[in-house]
>>> print(open('final.txt').read())   # compact mmCIF, C-alpha atoms and all ligand atoms
# COMPACT_ATOMS: atom_id res chain seq x y z
CA MET A 26 18.37 -35.32 26.97
CA LEU A 27 18.56 -32.56 29.56
CA LEU A 28 16.38 -30.25 27.50
CA ASP A 29 13.52 -32.69 28.13
CA THR A 30 13.58 -31.73 31.79
CA HIS A 31 14.92 -28.15 31.70
CA ASP A 32 12.85 -25.51 29.92
CA LEU A 33 15.01 -22.59 28.80
CA THR A 34 11.87 -20.61 27.93
CA ASP A 35 10.88 -20.59 31.60
CA PRO A 36 12.33 -17.48 33.31
CA GLY A 37 12.61 -19.51 36.52
CA PHE A 38 15.41 -21.54 34.91
CA TRP A 39 17.61 -18.45 34.54
CA ALA A 40 17.18 -17.38 38.17
CA ARG A 41 18.56 -20.72 39.44
CA GLU A 42 21.96 -20.57 41.12
CA ASP A 43 23.07 -23.56 39.06
CA ALA A 44 21.67 -22.35 35.71
CA TYR A 45 25.09 -22.00 34.08
CA ALA A 46 26.31 -25.38 35.30
CA ILE A 47 23.22 -27.02 33.81
CA LEU A 48 23.66 -25.00 30.63
CA ASP A 49 27.20 -26.37 30.24
CA GLU A 50 25.84 -29.91 30.48
CA ILE A 51 23.08 -29.15 28.00
CA ARG A 52 25.61 -27.68 25.55
CA ASP A 53 27.76 -30.81 25.90
CA GLU A 54 24.81 -32.83 24.58
CA GLY A 55 24.79 -30.90 21.31
CA ALA A 56 25.37 -27.48 19.76
CA VAL A 57 21.88 -27.43 18.27
CA GLN A 58 19.05 -29.39 19.82
CA ARG A 59 15.34 -29.93 19.46
CA HIS A 60 13.52 -28.29 22.36
CA GLU A 61 9.82 -28.89 23.09
CA SER A 62 8.82 -25.87 25.13
CA ALA A 63 5.57 -26.20 27.08
CA LYS A 64 4.68 -22.59 26.33
CA GLU A 65 6.25 -22.04 22.92
CA GLY A 66 5.96 -25.40 21.20
CA PRO A 67 8.77 -27.02 19.19
CA LEU A 68 11.95 -24.99 18.78
CA TRP A 69 15.61 -25.48 17.86
CA ALA A 70 17.90 -24.40 20.68
CA VAL A 71 21.29 -23.02 19.55
CA LEU A 72 23.82 -23.24 22.38
CA THR A 73 27.28 -22.65 20.92
CA HIS A 74 29.04 -19.49 19.78
CA ARG A 75 29.88 -20.75 16.29
CA GLU A 76 26.33 -21.84 15.51
CA ALA A 77 24.94 -18.61 17.01
CA LEU A 78 27.03 -16.62 14.52
CA ALA A 79 25.94 -18.95 11.71
CA VAL A 80 22.26 -18.23 12.42
CA LEU A 81 22.46 -14.52 13.23
CA GLY A 82 24.91 -13.89 10.40
CA ASP A 83 22.64 -15.39 7.76
CA ALA A 84 19.56 -13.17 7.48
CA ARG A 85 18.76 -14.72 4.10
CA SER A 86 18.17 -18.18 5.54
CA TYR A 87 16.84 -17.13 8.93
CA SER A 88 14.04 -14.58 8.92
CA SER A 89 13.08 -12.04 11.59
CA GLN A 90 9.62 -11.41 10.15
CA GLY A 91 8.02 -14.20 12.15
CA GLY A 92 9.27 -12.51 15.33
CA SER A 93 12.67 -11.93 16.89
CA LEU A 94 11.59 -12.77 20.43
CA LEU A 95 9.65 -15.55 22.11
CA GLY A 96 6.79 -14.73 24.44
CA THR A 97 4.74 -12.69 21.99
CA GLY A 98 2.34 -15.50 21.07
CA HIS A 99 2.23 -17.61 17.92
CA GLY A 100 1.83 -16.18 14.43
CA PRO A 101 3.48 -13.03 13.07
CA PRO A 102 3.78 -10.30 15.73
CA ALA A 103 2.29 -6.82 15.33
CA GLY A 104 4.54 -4.75 13.10
CA ALA A 105 6.04 -7.76 11.30
CA GLY A 106 7.77 -6.59 8.13
CA ARG A 107 7.25 -2.93 9.05
CA MET A 108 9.93 -2.28 11.63
CA MET A 109 13.67 -2.70 12.00
CA ALA A 110 13.82 -5.70 14.30
CA LEU A 111 11.04 -7.54 12.45
CA SER A 112 12.07 -7.16 8.83
CA ASP A 113 14.46 -8.92 6.49
CA PRO A 114 16.88 -7.57 3.89
CA PRO A 115 16.52 -5.61 1.71
CA LYS A 116 13.53 -3.88 3.41
CA HIS A 117 15.34 -3.87 6.73
CA ARG A 118 17.76 -1.19 5.48
CA ALA A 119 14.88 1.22 4.81
CA TYR A 120 14.18 1.24 8.54
CA ARG A 121 17.76 1.14 9.80
CA ASP A 122 19.68 3.44 7.46
CA PRO A 123 17.80 6.71 8.16
CA VAL A 124 18.59 6.55 11.90
CA MET A 125 22.11 5.11 11.67
CA PRO A 126 23.84 8.53 12.00
CA PHE A 127 22.21 8.99 15.42
CA PHE A 128 23.59 5.68 16.68
CA SER A 129 27.08 5.60 15.23
CA ALA A 130 30.15 5.18 17.43
CA ARG A 131 31.13 8.74 16.54
CA HIS A 132 27.78 10.08 17.70
CA ALA A 133 28.04 8.11 20.95
CA THR A 134 31.44 9.75 21.56
CA ARG A 135 29.88 13.17 21.00
CA LEU A 136 27.21 12.33 23.59
CA GLU A 137 29.71 11.19 26.21
CA ASP A 138 30.08 14.52 28.07
CA ARG A 139 26.32 14.88 28.34
CA ILE A 140 26.01 11.26 29.54
CA ARG A 141 28.73 11.80 32.17
CA GLU A 142 27.14 15.01 33.44
CA LEU A 143 23.72 13.33 33.76
CA THR A 144 25.18 10.26 35.40
CA GLU A 145 27.14 12.31 37.96
CA GLN A 146 23.99 14.26 38.84
CA VAL A 147 22.02 11.04 39.38
CA VAL A 148 24.70 9.38 41.50
CA GLU A 149 25.42 12.52 43.57
CA ARG A 150 21.70 12.85 44.35
CA LEU A 151 21.44 9.24 45.46
CA LEU A 152 24.56 9.33 47.62
CA VAL A 153 22.65 11.14 50.34
CA CYS A 154 19.81 8.57 50.43
CA GLU A 155 19.75 5.84 53.05
CA LYS A 156 18.17 3.37 50.67
CA ILE A 157 17.74 3.34 46.91
CA ASP A 158 16.50 0.86 44.36
CA PHE A 159 19.30 0.38 41.84
CA VAL A 160 16.82 -0.73 39.16
CA ARG A 161 14.41 2.22 39.39
CA ASP A 162 16.69 4.98 40.61
CA ILE A 163 19.86 4.43 38.57
CA GLY A 164 19.46 2.09 35.64
CA ALA A 165 17.18 4.01 33.32
CA ILE A 166 17.21 7.75 34.05
CA VAL A 167 20.22 8.43 31.84
CA PRO A 168 19.09 6.16 28.93
CA LEU A 169 15.61 7.72 29.10
CA THR A 170 16.97 11.26 29.05
CA VAL A 171 19.37 10.48 26.20
CA MET A 172 16.51 8.85 24.29
CA CYS A 173 14.40 12.00 24.73
CA ASP A 174 17.37 14.02 23.39
CA LEU A 175 17.74 11.76 20.36
CA MET A 176 14.00 11.76 19.63
CA GLY A 177 13.83 15.53 20.04
CA ILE A 178 11.13 15.33 22.72
CA PRO A 179 10.22 18.93 23.64
CA ASP A 180 11.37 20.01 27.12
CA ASP A 181 7.81 20.63 28.33
CA ASP A 182 6.77 17.04 27.51
CA ARG A 183 9.80 15.30 29.03
CA ASP A 184 8.47 14.55 32.48
CA GLU A 185 5.31 13.08 31.02
CA VAL A 186 7.14 11.02 28.37
CA MET A 187 9.63 9.72 30.91
CA GLY A 188 6.73 8.83 33.19
CA MET A 189 4.94 6.98 30.37
CA CYS A 190 8.06 5.02 29.42
CA ASP A 191 8.75 4.11 33.01
CA GLN A 192 5.17 2.94 33.53
CA ALA A 193 5.25 1.06 30.22
CA PHE A 194 8.19 -1.00 31.51
CA LEU A 195 7.94 -1.07 35.27
CA GLY A 196 4.19 -0.64 35.83
CA HIS A 197 2.89 -2.82 38.62
CA ASN A 198 0.94 -5.20 36.38
CA PRO A 199 0.58 -6.01 32.65
CA ALA A 200 -2.60 -3.90 32.32
CA GLU A 201 -0.86 -0.83 33.75
CA ARG A 202 2.15 -1.39 31.48
CA ARG A 203 -0.07 -1.82 28.42
CA ALA A 204 -2.08 1.29 29.24
CA ALA A 205 1.08 3.42 29.52
CA HIS A 206 2.34 2.04 26.21
CA GLN A 207 -1.02 2.82 24.58
CA ARG A 208 -0.63 6.45 25.71
CA LEU A 209 2.89 6.65 24.30
CA LEU A 210 1.99 5.54 20.75
CA PRO A 211 -0.50 8.37 19.91
CA TYR A 212 1.97 10.84 21.39
CA LEU A 213 4.67 9.57 19.01
CA LEU A 214 2.21 9.71 16.10
CA GLN A 215 1.43 13.35 16.86
CA LEU A 216 5.13 14.22 16.92
CA ALA A 217 5.72 12.28 13.69
CA MET A 218 3.02 14.32 11.92
CA GLU A 219 4.53 17.58 13.15
CA ARG A 220 8.08 16.60 12.19
CA ARG A 221 7.01 15.51 8.72
CA ASP A 222 6.04 19.13 8.03
CA ALA A 223 8.83 20.74 10.01
CA PRO A 224 11.72 18.30 10.35
CA GLY A 225 14.47 18.82 12.90
CA ASP A 226 17.75 17.04 13.56
CA ASP A 227 16.36 14.05 15.43
CA VAL A 228 15.38 10.40 15.06
CA ILE A 229 11.65 11.04 14.63
CA SER A 230 12.28 13.55 11.84
CA ALA A 231 14.71 11.18 10.09
CA LEU A 232 12.02 8.50 10.04
CA ALA A 233 9.05 10.82 9.40
CA THR A 234 10.58 12.17 6.20
CA THR A 235 11.22 8.70 4.71
CA LEU A 236 8.53 6.30 6.00
CA GLU A 237 4.76 5.92 6.33
CA LEU A 238 3.43 7.36 9.59
CA ASP A 239 2.55 3.97 11.11
CA GLU A 240 6.08 2.77 10.30
CA VAL A 241 7.52 5.85 12.01
CA VAL A 242 5.60 5.05 15.20
CA LEU A 243 6.52 1.35 15.08
CA ASN A 244 10.20 2.09 14.59
CA CYS A 245 10.35 4.80 17.27
CA ASP A 246 8.70 2.37 19.61
CA ASN A 247 11.24 -0.31 18.61
CA ILE A 248 14.10 2.05 19.40
CA ILE A 249 12.63 3.19 22.74
CA VAL A 250 11.84 -0.37 23.82
CA GLY A 251 15.27 -1.54 22.65
CA GLY A 252 17.11 1.29 24.33
CA ILE A 253 15.77 1.55 27.84
CA GLN A 254 15.05 -1.83 29.37
CA THR A 255 18.20 -3.44 28.06
CA VAL A 256 20.49 -0.83 29.59
CA ARG A 257 18.50 -0.77 32.84
CA HIS A 258 18.75 -4.50 33.33
CA THR A 259 22.38 -4.74 32.22
CA ALA A 260 23.28 -2.01 34.73
CA ALA A 261 21.40 -3.75 37.55
CA MET A 262 22.70 -7.25 36.78
CA ALA A 263 26.23 -5.91 36.38
CA MET A 264 25.99 -4.16 39.75
CA LEU A 265 24.75 -7.39 41.32
CA ALA A 266 27.74 -9.22 39.85
CA LEU A 267 30.11 -6.57 41.21
CA VAL A 268 28.52 -6.75 44.66
CA ARG A 269 29.07 -10.50 44.61
CA HIS A 270 32.67 -10.18 43.38
CA ALA A 271 34.31 -7.73 45.77
CA ASP A 272 37.68 -8.19 44.05
CA ALA A 273 36.21 -7.11 40.70
CA TRP A 274 34.63 -4.01 42.29
CA ARG A 275 38.04 -3.12 43.75
CA GLU A 276 39.74 -3.76 40.43
CA LEU A 277 37.22 -1.49 38.70
CA SER A 278 38.15 1.50 40.84
CA GLU A 279 41.88 0.80 40.93
CA LYS A 280 43.18 -0.44 37.60
CA ALA A 281 40.57 -1.86 35.25
CA ASP A 282 40.40 -0.61 31.68
CA PRO A 283 36.80 0.71 31.60
CA LYS A 284 36.26 -0.40 27.99
CA LEU A 285 37.35 -3.98 28.60
CA ALA A 286 35.43 -4.05 31.89
CA THR A 287 32.24 -2.94 30.14
CA GLU A 288 32.59 -5.68 27.52
CA GLU A 289 33.00 -8.28 30.25
CA LEU A 290 29.96 -6.99 32.14
CA LEU A 291 27.96 -7.21 28.90
CA ARG A 292 29.12 -10.79 28.34
CA TRP A 293 28.52 -11.75 31.95
CA THR A 294 24.99 -10.33 32.16
CA SER A 295 23.79 -11.17 28.61
CA VAL A 296 20.37 -9.78 29.54
CA GLY A 297 18.97 -10.26 26.03
CA LEU A 298 18.65 -13.95 26.81
CA HIS A 299 17.64 -15.08 23.38
CA VAL A 300 17.12 -14.13 19.76
CA LEU A 301 14.47 -15.87 17.64
CA ARG A 302 14.53 -16.60 13.92
CA THR A 303 12.39 -18.65 11.53
CA ALA A 304 14.09 -20.77 8.86
CA LYS A 305 13.09 -19.66 5.36
CA ALA A 306 14.19 -22.89 3.68
CA ASP A 307 15.58 -26.26 4.76
CA VAL A 308 19.08 -25.71 6.10
CA ASP A 309 21.79 -27.77 7.84
CA LEU A 310 22.98 -26.50 11.19
CA ALA A 311 25.63 -28.40 13.14
CA GLY A 312 24.55 -31.63 11.48
CA ARG A 313 20.85 -31.12 12.22
CA ARG A 314 18.31 -30.65 9.44
CA VAL A 315 16.32 -27.49 10.17
CA ARG A 316 13.14 -27.38 8.06
CA ALA A 317 11.59 -24.32 6.42
CA GLY A 318 9.25 -22.72 8.95
CA ASP A 319 11.05 -24.13 12.01
CA ARG A 320 11.71 -21.65 14.82
CA VAL A 321 15.35 -21.35 15.87
CA VAL A 322 16.36 -19.77 19.18
CA VAL A 323 19.89 -18.55 19.87
CA TRP A 324 20.51 -18.61 23.64
CA THR A 325 22.90 -15.71 24.19
CA PRO A 326 24.25 -16.66 27.65
CA ALA A 327 25.05 -20.17 26.36
CA ALA A 328 27.05 -18.79 23.44
CA ASN A 329 28.69 -16.19 25.70
CA ARG A 330 30.00 -18.91 28.02
CA ASP A 331 31.08 -21.32 25.32
CA THR A 332 34.38 -22.78 26.54
CA THR A 333 35.73 -23.16 23.01
CA VAL A 334 35.69 -19.37 22.61
CA PHE A 335 36.01 -17.96 26.13
CA LYS A 336 38.81 -19.11 28.42
CA ASP A 337 37.48 -19.81 31.90
CA PRO A 338 34.04 -18.46 30.95
CA HIS A 339 32.56 -18.64 34.45
CA ARG A 340 35.15 -16.21 35.75
CA LEU A 341 34.25 -12.51 35.80
CA ASP A 342 37.47 -11.22 34.27
CA LEU A 343 37.31 -7.44 33.79
CA ALA A 344 40.51 -7.55 31.73
CA ARG A 345 39.23 -10.24 29.36
CA HIS A 346 40.62 -9.74 25.87
CA PRO A 347 39.64 -10.68 23.25
CA ASN A 348 35.99 -10.80 24.20
CA ARG A 349 33.86 -11.80 21.24
CA HIS A 350 30.56 -11.84 23.13
CA ILE A 351 27.25 -11.62 21.31
CA ALA A 352 25.31 -9.65 23.93
CA PHE A 353 24.37 -7.23 21.12
CA GLY A 354 23.60 -9.98 18.63
CA TRP A 355 25.45 -10.35 15.36
CA GLY A 356 25.02 -9.71 11.63
CA GLU A 357 22.30 -7.70 9.90
CA HIS A 358 20.33 -6.94 13.09
CA TYR A 359 23.37 -6.27 15.29
CA CYS A 360 22.15 -3.90 17.99
CA ILE A 361 21.95 -0.42 16.53
CA GLY A 362 22.28 1.04 20.04
CA GLY A 363 25.47 -0.89 20.85
CA PRO A 364 27.84 2.12 20.85
CA LEU A 365 25.38 4.20 22.88
CA ALA A 366 24.75 1.40 25.41
CA ARG A 367 28.49 0.82 25.77
CA THR A 368 29.05 4.51 26.49
CA GLU A 369 26.17 4.73 28.98
CA LEU A 370 27.35 1.65 30.87
CA ARG A 371 31.04 2.52 30.81
CA VAL A 372 30.33 6.03 32.11
CA LEU A 373 27.95 4.70 34.77
CA PHE A 374 30.46 2.24 36.20
CA THR A 375 33.34 4.70 35.93
CA VAL A 376 31.36 7.33 37.86
CA LEU A 377 30.16 4.80 40.42
CA SER A 378 33.61 3.41 41.08
CA ARG A 379 35.01 6.94 41.42
CA LEU A 380 32.36 8.29 43.79
CA VAL A 381 31.20 5.21 45.67
CA ALA A 382 33.38 3.21 48.07
CA GLU A 383 30.84 0.49 48.69
CA VAL A 384 27.47 -0.58 47.33
CA GLU A 385 25.77 -2.19 50.30
CA PRO A 386 22.88 -4.56 49.51
CA LEU A 387 19.89 -3.89 51.78
CA GLY A 388 17.83 -6.92 50.79
CA ALA A 389 17.67 -9.72 48.30
CA PRO A 390 17.51 -8.74 44.63
CA GLU A 391 14.17 -9.59 43.05
CA TYR A 392 14.48 -11.26 39.64
CA ASN A 393 12.00 -10.27 36.96
CA GLN A 394 10.04 -12.94 35.15
CA SER A 395 11.23 -12.28 31.63
CA ILE A 396 13.23 -14.16 29.06
CA ILE A 397 13.29 -11.04 26.85
CA ASN A 398 15.26 -8.80 29.20
CA PHE A 399 16.37 -10.99 32.04
CA GLY A 400 17.09 -8.76 35.01
CA LEU A 401 15.84 -7.45 38.29
CA ASP A 402 12.57 -5.87 39.38
CA SER A 403 14.26 -4.38 42.38
CA PHE A 404 17.66 -4.28 44.05
CA PRO A 405 17.66 -2.26 47.28
CA VAL A 406 21.07 -0.85 48.11
CA ARG A 407 22.84 2.00 49.86
CA LEU A 408 25.67 3.86 48.17
CA HIS A 409 28.51 4.81 50.53
CA ARG A 410 30.49 7.83 49.42
CA ARG A 411 34.18 7.29 48.78
C1 LIG B 1 23.04 -3.35 27.05
C2 LIG B 1 22.11 -2.87 26.25
C3 LIG B 1 21.57 -3.58 25.05
C4 LIG B 1 21.50 -4.91 24.76
C5 LIG B 1 22.00 -6.09 25.61
C6 LIG B 1 20.88 -5.03 23.46
C7 LIG B 1 20.69 -6.22 22.78
C8 LIG B 1 20.28 -6.31 21.46
C9 LIG B 1 20.30 -7.51 20.66
C10 LIG B 1 20.77 -8.89 21.14
C11 LIG B 1 19.83 -7.18 19.43
C12 LIG B 1 19.70 -8.12 18.21
C13 LIG B 1 18.27 -8.60 18.01
C14 LIG B 1 18.12 -9.50 16.80
O1 LIG B 1 19.12 -9.94 16.21
O2 LIG B 1 16.97 -9.79 16.44
C15 LIG B 1 19.48 -5.78 19.45
C16 LIG B 1 18.92 -5.09 18.40
C17 LIG B 1 18.43 -3.80 18.52
N1 LIG B 1 18.68 -2.92 19.56
FE1 LIG B 1 19.70 -3.32 21.24
N2 LIG B 1 20.55 -3.79 23.02
C18 LIG B 1 20.97 -2.86 23.95
C19 LIG B 1 20.86 -1.48 23.86
C20 LIG B 1 20.16 -0.80 22.90
C21 LIG B 1 20.00 0.63 22.81
C22 LIG B 1 20.63 1.64 23.77
C23 LIG B 1 19.17 0.87 21.74
C24 LIG B 1 18.66 2.17 21.18
C25 LIG B 1 18.92 3.33 21.63
C26 LIG B 1 18.85 -0.41 21.13
C27 LIG B 1 18.04 -0.58 20.04
C28 LIG B 1 18.02 -1.73 19.29
C29 LIG B 1 17.32 -1.85 18.02
C30 LIG B 1 16.46 -0.78 17.37
C31 LIG B 1 17.58 -3.15 17.54
C32 LIG B 1 17.11 -3.75 16.21
C33 LIG B 1 18.24 -3.59 15.20
C34 LIG B 1 17.91 -4.23 13.86
O3 LIG B 1 16.97 -5.02 13.78
O4 LIG B 1 18.59 -3.88 12.88
N3 LIG B 1 19.47 -1.39 21.84
N4 LIG B 1 19.78 -5.25 20.69
>>> encode(input="final.txt", output="structure tokens")
Amino acid sequence: MLLDTHDLTDPGFWAREDAYAILDEIRDEGAVQRHESAKEGPLWAVLTHREALAVLGDARSYSSQGGSLLGTGHGPPAGAGRMMALSDPPKHRAYRDPVMPFFSARHATRLEDRIRELTEQVVERLLVCEKIDFVRDIGAIVPLTVMCDLMGIPDDDRDEVMGMCDQAFLGHNPAERRAAHQRLLPYLLQLAMERRDAPGDDVISALATTLELDEVVLNCDNIIVGGIQTVRHTAAMAMLALVRHADAWRELSEKADPKLATEELLRWTSVGLHVLRTAKADVDLAGRRVRAGDRVVVWTPAANRDTTVFKDPHRLDLARHPNRHIAFGWGEHYCIGGPLARTELRVLFTVLSRLVAEVEPLGAPEYNQSIINFGLDSFPVRLHRR
């Protein structure tokens, strides 16, 4: 079996030029397969769209409490059962419902003008630079600012909070990233205590008035972590795809429907490479007997290029419709930030294609070493004004 020689939990696999060709061959060997990962131990690998929906759509059989991501060590992760991504129904709703109004499609529409204004400012500023890093300079400034808006971060603290978040994700080494994160948590706790007494119209207040303080901090952290890196890496990987597909870049500025194009870029990049669950009881999955306690990993890019669902899946087709990708997951834990991320990405690529004639690569993109948010550490480019 190919999974004996190819380790999907190794980030190096995903940076290979032939990763998707190998993935097709692996999927042909079975929708659901046993996978002995050197780092993670025994896992079930889910490689087809139908089985991915079966796992993610059944939160009663497949639990998130044992972790929703690989790479965080064995045993229950910190915050298990006390935050949105790491809790099961019915408790899960206690963490998700209070903040839902801030992440609805309607709210994302209301934020669109602000997102466009911010995005135009960022792109205009960078158009005069000879060299920029698409990952650091473009991908996260808007999501970070919007996140500060949603959290109600006071204006005076913004630069510091944005600095902490940036360091927490793109610090030069794990110790630097951890240290920045450790500074962010007490800051959030302080705000949570203040908002509990004097609530405003923001995410922290919505959580602080319904949950324990440690749960407020965990869930704010979950939302910040969920909302910044994912958009940053999707933007960078999507730009890389567009640089490599000149016809698609042209199509984007000339005739593409921005909504359909965004969906295709989400499918194509699938930066949330995997979603982890733990079986609660014995269950059959595509003819395999999954035992209670087994860890089951849905590989998003494999499902998103499943030929039985996507016609010509290895073609970047900005007009693809329907496009039932699972880049935002599926079921109970479906990405709460989906509408916001869609708006941020659609506006970004609309603004770019309107203002920029060419995105010229000035060096090789550097892949990050992550199977959580698979993306780039740097992508040096120059933007040429249209
Ligand atoms: C392109 C951008 C994004 C991608 C690819 C992405 C991907 C995902 C995926 C695959 C899940 C499901 C995880 C699971 O089933 O265990 C998820 C959940 C989540 N995402 Fe996103 N996400 C993105 C943007 C955002 C944004 C902008 C936010 C917040 C502002 C956010 C916050 C969250 C949260 C809090 C969850 C947990 C939801 C729950 O457990 O009910 N994400 N995301």
>>> residues_near_ligand(input="final.txt", ligand="ligand LIG 1 (chain B)", cutoff="8 Å", atoms="only C-alpha atoms and all ligand atoms", output="PDB file with C-alpha atoms, in the coordinates of the input")
ATOM      1  CA  LEU A  81      22.460 -14.520  13.230  1.00  0.00           C
ATOM      2  CA  SER A  89      13.080 -12.040  11.590  1.00  0.00           C
ATOM      3  CA  SER A  93      12.670 -11.930  16.890  1.00  0.00           C
ATOM      4  CA  LEU A  94      11.590 -12.770  20.430  1.00  0.00           C
ATOM      5  CA  MET A 108       9.930  -2.280  11.630  1.00  0.00           C
ATOM      6  CA  MET A 109      13.670  -2.700  12.000  1.00  0.00           C
ATOM      7  CA  ALA A 110      13.820  -5.700  14.300  1.00  0.00           C
ATOM      8  CA  LEU A 111      11.040  -7.540  12.450  1.00  0.00           C
ATOM      9  CA  SER A 112      12.070  -7.160   8.830  1.00  0.00           C
ATOM     10  CA  HIS A 117      15.340  -3.870   6.730  1.00  0.00           C
ATOM     11  CA  ARG A 118      17.760  -1.190   5.480  1.00  0.00           C
ATOM     12  CA  ARG A 121      17.760   1.140   9.800  1.00  0.00           C
ATOM     13  CA  PHE A 128      23.590   5.680  16.680  1.00  0.00           C
ATOM     14  CA  PRO A 168      19.090   6.160  28.930  1.00  0.00           C
ATOM     15  CA  MET A 172      16.510   8.850  24.290  1.00  0.00           C
ATOM     16  CA  ASN A 244      10.200   2.090  14.590  1.00  0.00           C
ATOM     17  CA  ASN A 247      11.240  -0.310  18.610  1.00  0.00           C
ATOM     18  CA  ILE A 248      14.100   2.050  19.400  1.00  0.00           C
ATOM     19  CA  ILE A 249      12.630   3.190  22.740  1.00  0.00           C
ATOM     20  CA  VAL A 250      11.840  -0.370  23.820  1.00  0.00           C
ATOM     21  CA  GLY A 251      15.270  -1.540  22.650  1.00  0.00           C
ATOM     22  CA  GLY A 252      17.110   1.290  24.330  1.00  0.00           C
ATOM     23  CA  ILE A 253      15.770   1.550  27.840  1.00  0.00           C
ATOM     24  CA  GLN A 254      15.050  -1.830  29.370  1.00  0.00           C
ATOM     25  CA  THR A 255      18.200  -3.440  28.060  1.00  0.00           C
ATOM     26  CA  VAL A 256      20.490  -0.830  29.590  1.00  0.00           C
ATOM     27  CA  ARG A 257      18.500  -0.770  32.840  1.00  0.00           C
ATOM     28  CA  HIS A 258      18.750  -4.500  33.330  1.00  0.00           C
ATOM     29  CA  THR A 259      22.380  -4.740  32.220  1.00  0.00           C
ATOM     30  CA  ALA A 260      23.280  -2.010  34.730  1.00  0.00           C
ATOM     31  CA  LEU A 291      27.960  -7.210  28.900  1.00  0.00           C
ATOM     32  CA  SER A 295      23.790 -11.170  28.610  1.00  0.00           C
ATOM     33  CA  VAL A 296      20.370  -9.780  29.540  1.00  0.00           C
ATOM     34  CA  GLY A 297      18.970 -10.260  26.030  1.00  0.00           C
ATOM     35  CA  LEU A 298      18.650 -13.950  26.810  1.00  0.00           C
ATOM     36  CA  HIS A 299      17.640 -15.080  23.380  1.00  0.00           C
ATOM     37  CA  VAL A 300      17.120 -14.130  19.760  1.00  0.00           C
ATOM     38  CA  LEU A 301      14.470 -15.870  17.640  1.00  0.00           C
ATOM     39  CA  ARG A 302      14.530 -16.600  13.920  1.00  0.00           C
ATOM     40  CA  THR A 325      22.900 -15.710  24.190  1.00  0.00           C
ATOM     41  CA  ILE A 351      27.250 -11.620  21.310  1.00  0.00           C
ATOM     42  CA  ALA A 352      25.310  -9.650  23.930  1.00  0.00           C
ATOM     43  CA  PHE A 353      24.370  -7.230  21.120  1.00  0.00           C
ATOM     44  CA  GLY A 354      23.600  -9.980  18.630  1.00  0.00           C
ATOM     45  CA  TRP A 355      25.450 -10.350  15.360  1.00  0.00           C
ATOM     46  CA  GLY A 356      25.020  -9.710  11.630  1.00  0.00           C
ATOM     47  CA  GLU A 357      22.300  -7.700   9.900  1.00  0.00           C
ATOM     48  CA  HIS A 358      20.330  -6.940  13.090  1.00  0.00           C
ATOM     49  CA  TYR A 359      23.370  -6.270  15.290  1.00  0.00           C
ATOM     50  CA  CYS A 360      22.150  -3.900  17.990  1.00  0.00           C
ATOM     51  CA  ILE A 361      21.950  -0.420  16.530  1.00  0.00           C
ATOM     52  CA  GLY A 362      22.280   1.040  20.040  1.00  0.00           C
ATOM     53  CA  GLY A 363      25.470  -0.890  20.850  1.00  0.00           C
ATOM     54  CA  PRO A 364      27.840   2.120  20.850  1.00  0.00           C
ATOM     55  CA  LEU A 365      25.380   4.200  22.880  1.00  0.00           C
ATOM     56  CA  ALA A 366      24.750   1.400  25.410  1.00  0.00           C
ATOM     57  CA  ARG A 367      28.490   0.820  25.770  1.00  0.00           C
ATOM     58  CA  LEU A 370      27.350   1.650  30.870  1.00  0.00           C
TER      59      LEU A 370
END
>>> closest_residue(input="final.txt", among="A:Ala286, A:Leu310, A:Cys245, A:Leu95", to="Asn398 in chain A", atoms="only C-alpha atoms")
A:Leu95
>>> closest_residue(input="final.txt", among="A:Ala119, A:Ala223, A:Leu152, A:Ala317", to="Glu240 in chain A", atoms="all atoms listed in the file")
A:Ala119
>>> closest_residue(input="final.txt", among="A:Leu380, A:Leu265, A:Cys154, A:Lys64", to="Tyr392 in chain A", atoms="all atoms listed in the file")
A:Leu265
>>> closest_residue(input="final.txt", among="A:Glu65, A:Asp43, A:Glu383, A:Glu369", to="Gly164 in chain A", atoms="only C-alpha atoms")
A:Glu369
>>> axis_aligned_box(input="final.txt", around="range 74-86 of chain A", padding_each_side="4 Å", output="AutoDock Vina command-line options")
--center_x 24.0 --center_y -17.5 --center_z 11.9 --size_x 19.7 --size_y 16.7 --size_z 23.7
>>> atom_distance(input="final.txt", atom1="CA of Val376 in chain A", atom2="CA of Ala261 in chain A")
14.9 Å
>>> residues_near_point(input="final.txt", point="(6.6, 7.4, 8.9)", cutoff="9 Å", atoms="only C-alpha atoms", output="tab-separated table (two decimals) with C-alpha atoms, in the coordinates of the input")
chain	number	residue	atom	x	y	z
A	214	LEU	CA	2.21	9.71	16.10
A	217	ALA	CA	5.72	12.28	13.69
A	218	MET	CA	3.02	14.32	11.92
A	221	ARG	CA	7.01	15.51	8.72
A	229	ILE	CA	11.65	11.04	14.63
A	230	SER	CA	12.28	13.55	11.84
A	232	LEU	CA	12.02	8.50	10.04
A	233	ALA	CA	9.05	10.82	9.40
A	234	THR	CA	10.58	12.17	6.20
A	235	THR	CA	11.22	8.70	4.71
A	236	LEU	CA	8.53	6.30	6.00
A	237	GLU	CA	4.76	5.92	6.33
A	238	LEU	CA	3.43	7.36	9.59
A	239	ASP	CA	2.55	3.97	11.11
A	240	GLU	CA	6.08	2.77	10.30
A	241	VAL	CA	7.52	5.85	12.01
A	242	VAL	CA	5.60	5.05	15.20
A	243	LEU	CA	6.52	1.35	15.08
A	244	ASN	CA	10.20	2.09	14.59
>>> atom_distance(input="final.txt", atom1="CA of Ala382 in chain A", atom2="CA of Pro405 in chain A")
16.7 Å
>>> residues_around(input="final.txt", residues="Asp227 in chain A", least_positions_apart="5", cutoff="9 Å", atoms="all atoms listed in the file", output="short mmCIF file (atom, residue, chain, number, x, y, z; two decimals) with C-alpha atoms, in the coordinates of the input")
data_model
loop_
_atom_site.label_atom_id
_atom_site.label_comp_id
_atom_site.auth_asym_id
_atom_site.auth_seq_id
_atom_site.Cartn_x
_atom_site.Cartn_y
_atom_site.Cartn_z
CA VAL A 124 18.59 6.55 11.90
CA PHE A 127 22.21 8.99 15.42
CA ASP A 174 17.37 14.02 23.39
CA LEU A 175 17.74 11.76 20.36
CA MET A 176 14.00 11.76 19.63
CA GLY A 177 13.83 15.53 20.04
CA LEU A 232 12.02 8.50 10.04
#
